[in-house]
>>> print(open('run.pdb').read())   # PDB, C-alpha atoms
ATOM      1  CA  MET F   1      24.658  16.091  14.892
ATOM      2  CA  ASP F   2      25.373  18.789  17.471
ATOM      3  CA  LEU F   3      21.613  19.067  18.020
ATOM      4  CA  PHE F   4      21.512  15.568  19.480
ATOM      5  CA  GLU F   5      24.286  16.423  21.930
ATOM      6  CA  SER F   6      22.447  19.407  23.399
ATOM      7  CA  GLY F   7      20.535  17.247  25.869
ATOM      8  CA  LYS F   8      17.092  18.353  24.691
ATOM      9  CA  VAL F   9      14.618  16.503  22.497
ATOM     10  CA  VAL F  10      15.265  17.589  18.906
ATOM     11  CA  ARG F  11      12.097  18.929  17.250
ATOM     12  CA  VAL F  12      11.853  18.034  13.574
ATOM     13  CA  CYS F  13       9.599  18.984  10.659
ATOM     14  CA  ALA F  14       8.826  15.886   8.594
ATOM     15  CA  PRO F  15       9.335  15.452   4.850
ATOM     16  CA  MET F  16       5.846  16.076   3.456
ATOM     17  CA  VAL F  17       5.140  15.863  -0.261
ATOM     18  CA  ARG F  18       3.998  19.284  -1.579
ATOM     19  CA  TYR F  19       4.076  20.835   1.889
ATOM     20  CA  SER F  20       7.476  20.986   3.617
ATOM     21  CA  LYS F  21       9.000  23.332   1.058
ATOM     22  CA  LEU F  22      11.144  26.383   1.747
ATOM     23  CA  SER F  23       8.398  28.842   2.691
ATOM     24  CA  PHE F  24       6.784  26.451   5.190
ATOM     25  CA  ARG F  25      10.183  25.505   6.616
ATOM     26  CA  CYS F  26      10.854  29.208   7.223
ATOM     27  CA  LEU F  27       7.569  29.447   9.103
ATOM     28  CA  VAL F  28       8.060  26.490  11.456
ATOM     29  CA  ARG F  29      11.639  27.573  12.211
ATOM     30  CA  LYS F  30      10.168  30.773  13.701
ATOM     31  CA  TYR F  31       8.196  28.600  16.147
ATOM     32  CA  GLY F  32      10.676  26.234  17.763
ATOM     33  CA  CYS F  33      11.472  23.723  15.014
ATOM     34  CA  ASP F  34      15.127  22.643  15.309
ATOM     35  CA  MET F  35      15.583  20.799  12.015
ATOM     36  CA  CYS F  36      13.634  20.525   8.756
ATOM     37  CA  PHE F  37      13.417  17.939   5.990
ATOM     38  CA  THR F  38      12.589  18.682   2.381
ATOM     39  CA  PRO F  39       9.772  16.773   0.691
ATOM     40  CA  MET F  40      10.855  13.426  -0.757
ATOM     41  CA  ILE F  41      12.767  13.892  -4.035
ATOM     42  CA  VAL F  42      13.264  11.020  -6.490
ATOM     43  CA  ALA F  43      17.057  10.926  -6.834
ATOM     44  CA  ALA F  44      17.104   9.552 -10.399
ATOM     45  CA  ASP F  45      14.794  12.322 -11.668
ATOM     46  CA  PHE F  46      16.779  14.914  -9.731
ATOM     47  CA  MET F  47      20.014  13.855 -11.432
ATOM     48  CA  ARG F  48      18.429  13.493 -14.879
ATOM     49  CA  SER F  49      16.720  16.870 -15.144
ATOM     50  CA  VAL F  50      17.793  20.452 -14.478
ATOM     51  CA  LYS F  51      14.104  21.387 -14.387
ATOM     52  CA  ALA F  52      13.506  18.812 -11.640
ATOM     53  CA  ARG F  53      16.406  20.187  -9.607
ATOM     54  CA  ASP F  54      15.148  23.748  -9.922
ATOM     55  CA  SER F  55      11.568  22.871  -8.996
ATOM     56  CA  GLU F  56      12.193  20.269  -6.299
ATOM     57  CA  PHE F  57      14.916  21.910  -4.254
ATOM     58  CA  THR F  58      15.133  25.526  -3.124
ATOM     59  CA  THR F  59      16.793  26.889  -0.017
ATOM     60  CA  ASN F  60      18.450  29.984   1.442
ATOM     61  CA  SER F  61      21.105  30.872   4.004
ATOM     62  CA  SER F  62      18.706  30.795   6.977
ATOM     63  CA  ASP F  63      17.192  27.425   6.045
ATOM     64  CA  ARG F  64      19.446  25.367   8.322
ATOM     65  CA  PRO F  65      19.862  22.720   9.630
ATOM     66  CA  LEU F  66      18.375  21.179   6.487
ATOM     67  CA  ILE F  67      18.077  17.512   5.528
ATOM     68  CA  ILE F  68      17.322  16.552   1.920
ATOM     69  CA  GLN F  69      15.197  13.418   1.673
ATOM     70  CA  PHE F  70      15.671  11.240  -1.404
ATOM     71  CA  ALA F  71      13.853   8.237  -2.788
ATOM     72  CA  ALA F  72      16.448   5.957  -4.341
ATOM     73  CA  LYS F  73      16.922   2.301  -5.190
ATOM     74  CA  ASP F  74      20.589   2.125  -6.079
ATOM     75  CA  ALA F  75      23.616   3.292  -4.146
ATOM     76  CA  GLN F  76      25.423   5.315  -6.799
ATOM     77  CA  THR F  77      22.409   7.409  -7.794
ATOM     78  CA  LEU F  78      21.827   8.331  -4.159
ATOM     79  CA  ALA F  79      25.497   9.190  -3.685
ATOM     80  CA  ASP F  80      25.510  11.330  -6.849
ATOM     81  CA  ALA F  81      22.448  13.259  -5.676
ATOM     82  CA  ALA F  82      23.940  13.709  -2.217
ATOM     83  CA  CYS F  83      27.127  15.174  -3.711
ATOM     84  CA  VAL F  84      25.044  17.734  -5.647
ATOM     85  CA  VAL F  85      23.087  18.968  -2.605
ATOM     86  CA  ALA F  86      25.811  18.642   0.043
ATOM     87  CA  PRO F  87      27.098  22.236  -0.340
ATOM     88  CA  PHE F  88      23.605  23.560   0.386
ATOM     89  CA  SER F  89      22.466  21.246   3.193
ATOM     90  CA  ASP F  90      23.483  19.446   6.362
ATOM     91  CA  GLY F  91      22.564  15.888   5.432
ATOM     92  CA  VAL F  92      20.593  13.511   3.247
ATOM     93  CA  ASP F  93      17.929  11.050   4.304
ATOM     94  CA  LEU F  94      16.935   7.873   2.471
ATOM     95  CA  ASN F  95      13.193   7.263   2.388
ATOM     96  CA  CYS F  96      12.549   3.677   3.499
ATOM     97  CA  GLY F  97       9.014   4.245   4.689
ATOM     98  CA  CYS F  98       6.750   5.654   1.969
ATOM     99  CA  PRO F  99       3.881   3.130   1.646
ATOM    100  CA  GLN F 100       2.322   4.548  -1.525
ATOM    101  CA  ARG F 101       1.776   1.943  -4.231
ATOM    102  CA  TRP F 102       3.653   3.810  -6.951
ATOM    103  CA  ALA F 103       6.745   4.160  -4.736
ATOM    104  CA  VAL F 104       6.802   0.507  -3.691
ATOM    105  CA  ALA F 105       6.155  -0.630  -7.278
ATOM    106  CA  GLU F 106       9.163   1.404  -8.448
ATOM    107  CA  GLY F 107      11.417  -0.056  -5.741
ATOM    108  CA  TYR F 108      11.369   3.010  -3.496
ATOM    109  CA  GLY F 109      10.133   3.720   0.010
ATOM    110  CA  ALA F 110       8.807   1.042   2.326
ATOM    111  CA  CYS F 111       9.972  -1.906   0.219
ATOM    112  CA  LEU F 112      13.548  -1.029   1.219
ATOM    113  CA  ILE F 113      12.989  -2.191   4.802
ATOM    114  CA  ASN F 114      13.125  -5.702   3.317
ATOM    115  CA  LYS F 115      16.478  -4.995   1.616
ATOM    116  CA  PRO F 116      18.885  -4.317   4.495
ATOM    117  CA  GLN F 117      22.027  -5.017   2.452
ATOM    118  CA  LEU F 118      20.999  -2.517  -0.227
ATOM    119  CA  VAL F 119      20.205   0.155   2.382
ATOM    120  CA  LYS F 120      23.544  -0.530   4.050
ATOM    121  CA  ASP F 121      25.341  -0.116   0.706
ATOM    122  CA  MET F 122      23.526   3.159  -0.015
ATOM    123  CA  VAL F 123      24.532   4.608   3.347
ATOM    124  CA  ARG F 124      28.168   3.591   2.789
ATOM    125  CA  HIS F 125      28.285   5.052  -0.715
ATOM    126  CA  VAL F 126      27.108   8.439   0.505
ATOM    127  CA  LYS F 127      29.469   8.397   3.478
ATOM    128  CA  ASN F 128      32.405   7.537   1.217
ATOM    129  CA  GLN F 129      31.667   9.974  -1.610
ATOM    130  CA  VAL F 130      30.411  13.187  -0.019
ATOM    131  CA  GLU F 131      33.481  15.303   0.662
ATOM    132  CA  LYS F 132      32.060  17.300   3.532
ATOM    133  CA  PRO F 133      33.066  16.634   7.150
ATOM    134  CA  ASN F 134      30.207  15.767   9.514
ATOM    135  CA  TYR F 135      27.654  15.558   6.694
ATOM    136  CA  ALA F 136      24.741  13.506   8.053
ATOM    137  CA  VAL F 137      23.362  10.391   6.365
ATOM    138  CA  SER F 138      20.110   9.103   7.846
ATOM    139  CA  ILE F 139      17.203   6.822   6.977
ATOM    140  CA  LYS F 140      13.488   7.042   7.715
ATOM    141  CA  ILE F 141      11.697   3.722   8.103
ATOM    142  CA  ARG F 142       8.454   2.016   8.952
ATOM    143  CA  ILE F 143       8.447  -1.123  11.084
ATOM    144  CA  HIS F 144       7.962  -4.803  10.242
ATOM    145  CA  LYS F 145       5.241  -6.903  11.807
ATOM    146  CA  ASP F 146       8.131  -9.030  13.046
ATOM    147  CA  LEU F 147      10.074  -6.355  14.925
ATOM    148  CA  ARG F 148      13.214  -8.489  14.955
ATOM    149  CA  LYS F 149      13.605  -7.728  11.249
ATOM    150  CA  THR F 150      13.435  -4.006  11.944
ATOM    151  CA  VAL F 151      16.035  -4.228  14.699
ATOM    152  CA  ASP F 152      18.298  -6.241  12.378
ATOM    153  CA  LEU F 153      17.942  -3.614   9.634
ATOM    154  CA  CYS F 154      18.723  -0.783  12.051
ATOM    155  CA  GLN F 155      21.773  -2.521  13.471
ATOM    156  CA  LYS F 156      23.106  -3.210   9.981
ATOM    157  CA  VAL F 157      22.844   0.431   8.905
ATOM    158  CA  GLU F 158      24.280   1.557  12.239
ATOM    159  CA  ALA F 159      27.344  -0.563  11.452
ATOM    160  CA  ALA F 160      27.500   1.109   8.015
ATOM    161  CA  GLY F 161      27.801   4.521   9.675
ATOM    162  CA  VAL F 162      24.280   5.964   9.509
ATOM    163  CA  SER F 163      23.996   9.148  11.566
ATOM    164  CA  TRP F 164      20.517   8.552  12.975
ATOM    165  CA  ILE F 165      17.302   6.682  12.192
ATOM    166  CA  THR F 166      13.770   8.095  12.114
ATOM    167  CA  VAL F 167      11.128   5.500  12.954
ATOM    168  CA  HIS F 168       7.499   5.890  11.925
ATOM    169  CA  GLY F 169       5.871   3.501  14.366
ATOM    170  CA  ARG F 170       3.524   1.805  11.905
ATOM    171  CA  THR F 171       3.900  -0.997   9.394
ATOM    172  CA  PRO F 172       3.638  -0.172   5.661
ATOM    173  CA  GLU F 173       0.092  -1.578   5.697
ATOM    174  CA  GLU F 174      -1.084   0.624   8.571
ATOM    175  CA  ARG F 175      -2.429   4.121   7.986
ATOM    176  CA  HIS F 176      -4.423   5.556  10.886
ATOM    177  CA  GLN F 177      -3.991   2.752  13.409
ATOM    178  CA  PRO F 178      -2.349   3.604  16.756
ATOM    179  CA  VAL F 179       1.403   4.150  16.622
ATOM    180  CA  HIS F 180       3.495   1.332  18.090
ATOM    181  CA  TYR F 181       5.564   3.360  20.531
ATOM    182  CA  ASP F 182       6.676   0.159  22.237
ATOM    183  CA  ALA F 183       8.357  -0.838  18.969
ATOM    184  CA  ILE F 184      10.134   2.522  18.774
ATOM    185  CA  LYS F 185      11.403   2.003  22.324
ATOM    186  CA  THR F 186      12.713  -1.459  21.433
ATOM    187  CA  ILE F 187      14.568  -0.035  18.447
ATOM    188  CA  LYS F 188      16.020   2.813  20.510
ATOM    189  CA  ASP F 189      17.183   0.371  23.193
ATOM    190  CA  SER F 190      18.912  -1.738  20.520
ATOM    191  CA  LEU F 191      21.046   1.093  19.075
ATOM    192  CA  SER F 192      23.717   3.519  20.197
ATOM    193  CA  ILE F 193      22.943   6.181  17.565
ATOM    194  CA  PRO F 194      20.175   8.809  17.859
ATOM    195  CA  VAL F 195      16.605   7.762  17.071
ATOM    196  CA  ILE F 196      13.763  10.104  16.083
ATOM    197  CA  ALA F 197      10.157   9.057  16.716
ATOM    198  CA  ASN F 198       7.476   9.848  14.142
ATOM    199  CA  GLY F 199       3.712   9.363  14.230
ATOM    200  CA  ASP F 200       0.711  11.258  15.660
ATOM    201  CA  ILE F 201       2.571  14.197  17.217
ATOM    202  CA  LYS F 202      -0.199  16.735  17.781
ATOM    203  CA  ASN F 203       1.073  19.047  20.540
ATOM    204  CA  LEU F 204       4.068  19.826  22.718
ATOM    205  CA  GLN F 205       2.804  17.480  25.440
ATOM    206  CA  ASP F 206       3.067  14.616  22.938
ATOM    207  CA  VAL F 207       6.723  15.481  22.380
ATOM    208  CA  GLU F 208       7.553  15.096  26.062
ATOM    209  CA  SER F 209       5.368  12.057  26.688
ATOM    210  CA  ILE F 210       6.798  10.169  23.698
ATOM    211  CA  HIS F 211      10.315  11.052  24.801
ATOM    212  CA  GLN F 212       9.562   9.687  28.281
ATOM    213  CA  LEU F 213       7.899   6.590  26.857
ATOM    214  CA  THR F 214      10.543   5.650  24.293
ATOM    215  CA  GLY F 215      13.765   7.416  25.277
ATOM    216  CA  VAL F 216      14.198   8.794  21.759
ATOM    217  CA  ASP F 217      16.505  11.690  20.964
ATOM    218  CA  GLY F 218      14.092  13.569  18.725
ATOM    219  CA  VAL F 219      10.454  13.794  17.682
ATOM    220  CA  MET F 220       9.225  14.452  14.139
ATOM    221  CA  ALA F 221       5.827  15.975  13.386
ATOM    222  CA  ALA F 222       3.971  16.038  10.070
ATOM    223  CA  ARG F 223       0.189  16.591  10.083
ATOM    224  CA  GLY F 224       0.403  18.160  13.521
ATOM    225  CA  LEU F 225       2.620  20.927  12.111
ATOM    226  CA  LEU F 226       0.342  21.419   9.110
ATOM    227  CA  ALA F 227      -2.565  22.082  11.469
ATOM    228  CA  ASN F 228      -0.454  24.145  13.850
ATOM    229  CA  PRO F 229       2.963  25.363  12.630
ATOM    230  CA  ALA F 230       3.525  26.791  16.141
ATOM    231  CA  LEU F 231       3.140  23.322  17.738
ATOM    232  CA  PHE F 232       6.761  23.132  18.922
ATOM    233  CA  ALA F 233       6.472  26.577  20.538
ATOM    234  CA  GLY F 234       3.766  25.241  22.848
ATOM    235  CA  TYR F 235       0.633  26.658  21.221
ATOM    236  CA  GLU F 236      -2.446  24.439  21.304
ATOM    237  CA  TYR F 237      -3.875  26.080  18.183
ATOM    238  CA  THR F 238      -2.367  28.143  15.395
ATOM    239  CA  PRO F 239      -1.996  31.682  16.800
ATOM    240  CA  LEU F 240      -3.165  34.492  14.554
ATOM    241  CA  LYS F 241       0.378  35.899  14.587
ATOM    242  CA  CYS F 242       1.520  32.656  12.939
ATOM    243  CA  VAL F 243      -1.158  33.009  10.243
ATOM    244  CA  TRP F 244       0.046  36.500   9.422
ATOM    245  CA  ASP F 245       3.667  35.330   9.490
ATOM    246  CA  TRP F 246       2.654  32.783   6.845
ATOM    247  CA  VAL F 247       1.105  35.527   4.707
ATOM    248  CA  ASP F 248       4.296  37.596   4.942
ATOM    249  CA  ILE F 249       6.627  34.644   4.225
ATOM    250  CA  ALA F 250       4.505  33.434   1.311
ATOM    251  CA  LEU F 251       4.556  36.894  -0.253
ATOM    252  CA  GLU F 252       8.295  37.236   0.316
ATOM    253  CA  HIS F 253       9.048  33.887  -1.330
ATOM    254  CA  GLY F 254       6.510  34.124  -4.124
ATOM    255  CA  THR F 255       4.763  30.980  -2.910
ATOM    256  CA  PRO F 256       2.277  29.650  -5.500
ATOM    257  CA  PHE F 257      -1.260  30.539  -4.493
ATOM    258  CA  THR F 258      -2.454  26.910  -4.391
ATOM    259  CA  CYS F 259       0.276  25.997  -1.893
ATOM    260  CA  PHE F 260      -0.378  29.144   0.156
ATOM    261  CA  HIS F 261      -4.113  28.413   0.217
ATOM    262  CA  HIS F 262      -3.727  24.751   1.219
ATOM    263  CA  HIS F 263      -1.512  25.640   4.170
ATOM    264  CA  LEU F 264      -3.916  28.354   5.261
ATOM    265  CA  ILE F 265      -6.836  25.912   5.213
ATOM    266  CA  TYR F 266      -4.903  23.527   7.462
ATOM    267  CA  MET F 267      -3.912  26.302   9.892
ATOM    268  CA  LEU F 268      -7.418  27.696  10.246
ATOM    269  CA  GLU F 269      -9.264  24.380  10.482
ATOM    270  CA  ARG F 270      -9.329  24.201  14.295
ATOM    271  CA  ILE F 271      -9.972  27.898  14.929
ATOM    272  CA  THR F 272     -12.836  28.504  12.517
ATOM    273  CA  SER F 273     -16.432  27.349  12.430
ATOM    274  CA  GLN F 274     -17.768  24.908   9.857
ATOM    275  CA  PRO F 275     -19.621  27.640   7.889
ATOM    276  CA  GLU F 276     -16.440  29.750   7.820
ATOM    277  CA  ARG F 277     -14.394  26.786   6.596
ATOM    278  CA  LYS F 278     -16.952  26.076   3.884
ATOM    279  CA  ILE F 279     -16.687  29.649   2.630
ATOM    280  CA  PHE F 280     -12.910  29.637   2.846
ATOM    281  CA  ASN F 281     -12.549  26.338   0.991
ATOM    282  CA  SER F 282     -14.469  27.833  -1.906
ATOM    283  CA  LEU F 283     -12.200  30.856  -2.227
ATOM    284  CA  SER F 284      -9.983  30.860  -5.284
ATOM    285  CA  THR F 285      -8.346  34.289  -5.257
ATOM    286  CA  GLY F 286      -5.897  36.127  -3.049
ATOM    287  CA  ARG F 287      -8.480  38.885  -2.761
ATOM    288  CA  GLY F 288     -10.909  36.422  -1.244
ATOM    289  CA  VAL F 289      -8.313  35.161   1.223
ATOM    290  CA  ASN F 290      -7.538  38.707   2.367
ATOM    291  CA  TYR F 291     -11.247  39.282   2.911
ATOM    292  CA  PHE F 292     -11.522  36.087   4.934
ATOM    293  CA  LEU F 293      -8.538  36.980   7.115
ATOM    294  CA  ALA F 294     -10.086  40.392   7.696
ATOM    295  CA  CYS F 295     -13.216  38.614   8.951
ATOM    296  CA  LEU F 296     -11.052  36.929  11.600
ATOM    297  CA  GLY F 297     -10.481  40.281  13.200
ATOM    298  CA  GLN F 298      -7.528  41.887  11.449
TER     299      GLN F 298
END
>>> encode(input="run.pdb", output="C-alpha cells")
Amino acid sequence: MDLFESGKVVRVCAPMVRYSKLSFRCLVRKYGCDMCFTPMIVAADFMRSVKARDSEFTTNSSDRPLIIQFAAKDAQTLADAACVVAPFSDGVDLNCGCPQRWAVAEGYGACLINKPQLVKDMVRHVKNQVEKPNYAVSIKIRIHKDLRKTVDLCQKVEAAGVSWITVHGRTPEERHQPVHYDAIKTIKDSLSIPVIANGDIKNLQDVESIHQLTGVDGVMAARGLLANPALFAGYEYTPLKCVWDWVDIALEHGTPFTCFHHHLIYMLERITSQPERKIFNSLSTGRGVNYFLACLGQ
C-alpha cells in the first residue's frame, strides 16, 4: 500500500495465464515495473494438491511486491489459500473479470461481478483470517453495461475493507473493443480507495494519458508488456539489452523452453521483419534460438 502513497502512478504487471510467472516478473522488475501479479491460480486446486502448489506458485526474495491472484467461488477456500501464500507475498487478488467460458461456467471470474455479497464476504474472510499486518486484499473486475451496478459492487467491497480495485474497462462480452476509460473515471470518482486501470496500455505515454483522463492511482499492462517488457522504462520497442536479459534470467531460473520461446517471439515481433519472424516461429531448439539472436547482431 505504500506504493500508492508515493504520489506517482503505480506501474503494474498484469496476471497473465502462462506468462506472468517468476522469470518474466524478474525481467519486468528490471525495467520500471513497481508491482507484479502471478497468473490466476484456482484456489480449490491449489489447496487440494501439493503438485498444483509447486507448479503454480514460485517466488524468491527479490520478487516483491508480489500479489497472488486466485480464482475462487467461496469465501473459506479463498481465505485458506491466502493464509498459505501470505508469508511469501504482499497480497492476494480475487479474479472477478476472467470472461473465459470455462471460468464463468465453474462460477469463477467475471460472473462474480453479479454477486456483490459473495465478493464482499470473500474479502472479509481474507481480511479476518490472514495474520499478517498490512496484507493487501484486492479484486480485479470487468464492468457492467449498466455502470451503476459496477459502482455498487465497488462501494460494497470498499466497505468490506478491500485494499484497492483493478478495473478492466470492458464488459465480459467485449474483447477488442475500445476500453471505456470514462467508466473507469466514474468508478474512481465514486471511491476513496486506490483504483488501477487496465486495458490497452501499449507505451509509457498511455500510462500518463490514462492517469490524466481517469485520475487512477495505478496502471496495469498485459499484452503491452509481453510485446515490450521495457514498456514502463519508456522504451518504444523491446531493446536488445532486454532480450539478452531475458536469455540470462531464463537460463538462471531454468525456464521451460516453450515458455522462453513464446516470450521471445512476443518481444521480437515489432523489431523483426516478417521473413525473420516466420523463420523464428519455426525454430524448436535452443540452438536455433541462439543462431537467430546472433543474426540480430550479437
>>> atom_distance(input="run.pdb", atom1="atom CA of F:Thr258", atom2="atom CA of F:Asp90")
29.1 Å
>>> residues_around(input="run.pdb", residues="F:Ala183", least_positions_apart="6", cutoff="10 Å", atoms="only C-alpha atoms", output="ChimeraX atom specification")
/F:143-145,147-148,150-151,167-170,189,214
>>> residues_around(input="run.pdb", residues="stretch 22-33 of chain F", least_positions_apart="5", cutoff="10 Å", atoms="only C-alpha atoms", output="PyMOL selection string")
chain F and resi 10-14+38-39+57-60+62-66+220-221+225-226+228-235+242-243+245-255+259-260+263
>>> closest_residue(input="run.pdb", among="F:Pro172, F:Gln155, F:Gln177, F:Leu78", to="F:Gln129", atoms="only C-alpha atoms")
F:Leu78
>>> atom_distance(input="run.pdb", atom1="atom CA of F:Thr166", atom2="atom CA of F:Val195")
5.7 Å
>>> atom_distance(input="run.pdb", atom1="atom CA of F:Phe46", atom2="atom CA of F:Gln76")
13.2 Å
>>> closest_residue(input="run.pdb", among="F:Ser55, F:Gln69, F:Ser89, F:Ser61", to="F:Met16", atoms="all atoms listed in the file")
F:Gln69
>>> closest_residue(input="run.pdb", among="F:Ala72, F:Ala110, F:Val123, F:Met1", to="F:Glu174", atoms="all atoms listed in the file")
F:Ala110
>>> closest_residue(input="run.pdb", among="F:Glu56, F:Glu208, F:Glu131, F:Asp74", to="F:Tyr108", atoms="all atoms listed in the file")
F:Asp74
>>> residues_around(input="run.pdb", residues="F:Lys188", least_positions_apart="3", cutoff="8 Å", atoms="only C-alpha atoms", output="list of chain:residue names")
F:Ile184, F:Lys185, F:Leu191, F:Ser192, F:Pro194, F:Val195, F:Thr214, F:Gly215, F:Val216
>>> closest_residue(input="run.pdb", among="F:Cys36, F:Val207, F:Val179, F:Val126", to="F:Ser163", atoms="all atoms listed in the file")
F:Val126
>>> closest_residue(input="run.pdb", among="F:Leu213, F:Leu268, F:Val130, F:Val157", to="F:Gly91", atoms="all atoms listed in the file")
F:Val130
>>> residues_around(input="run.pdb", residues="F:Asp45", least_positions_apart="5", cutoff="12 Å", atoms="only C-alpha atoms", output="list in words")
Met40, Val50, Lys51, Ala52, Arg53, Asp54, Ser55, Glu56, Phe70, Ala71, Ala72, Thr77, Leu78, Asp80 and Ala81 of chain F
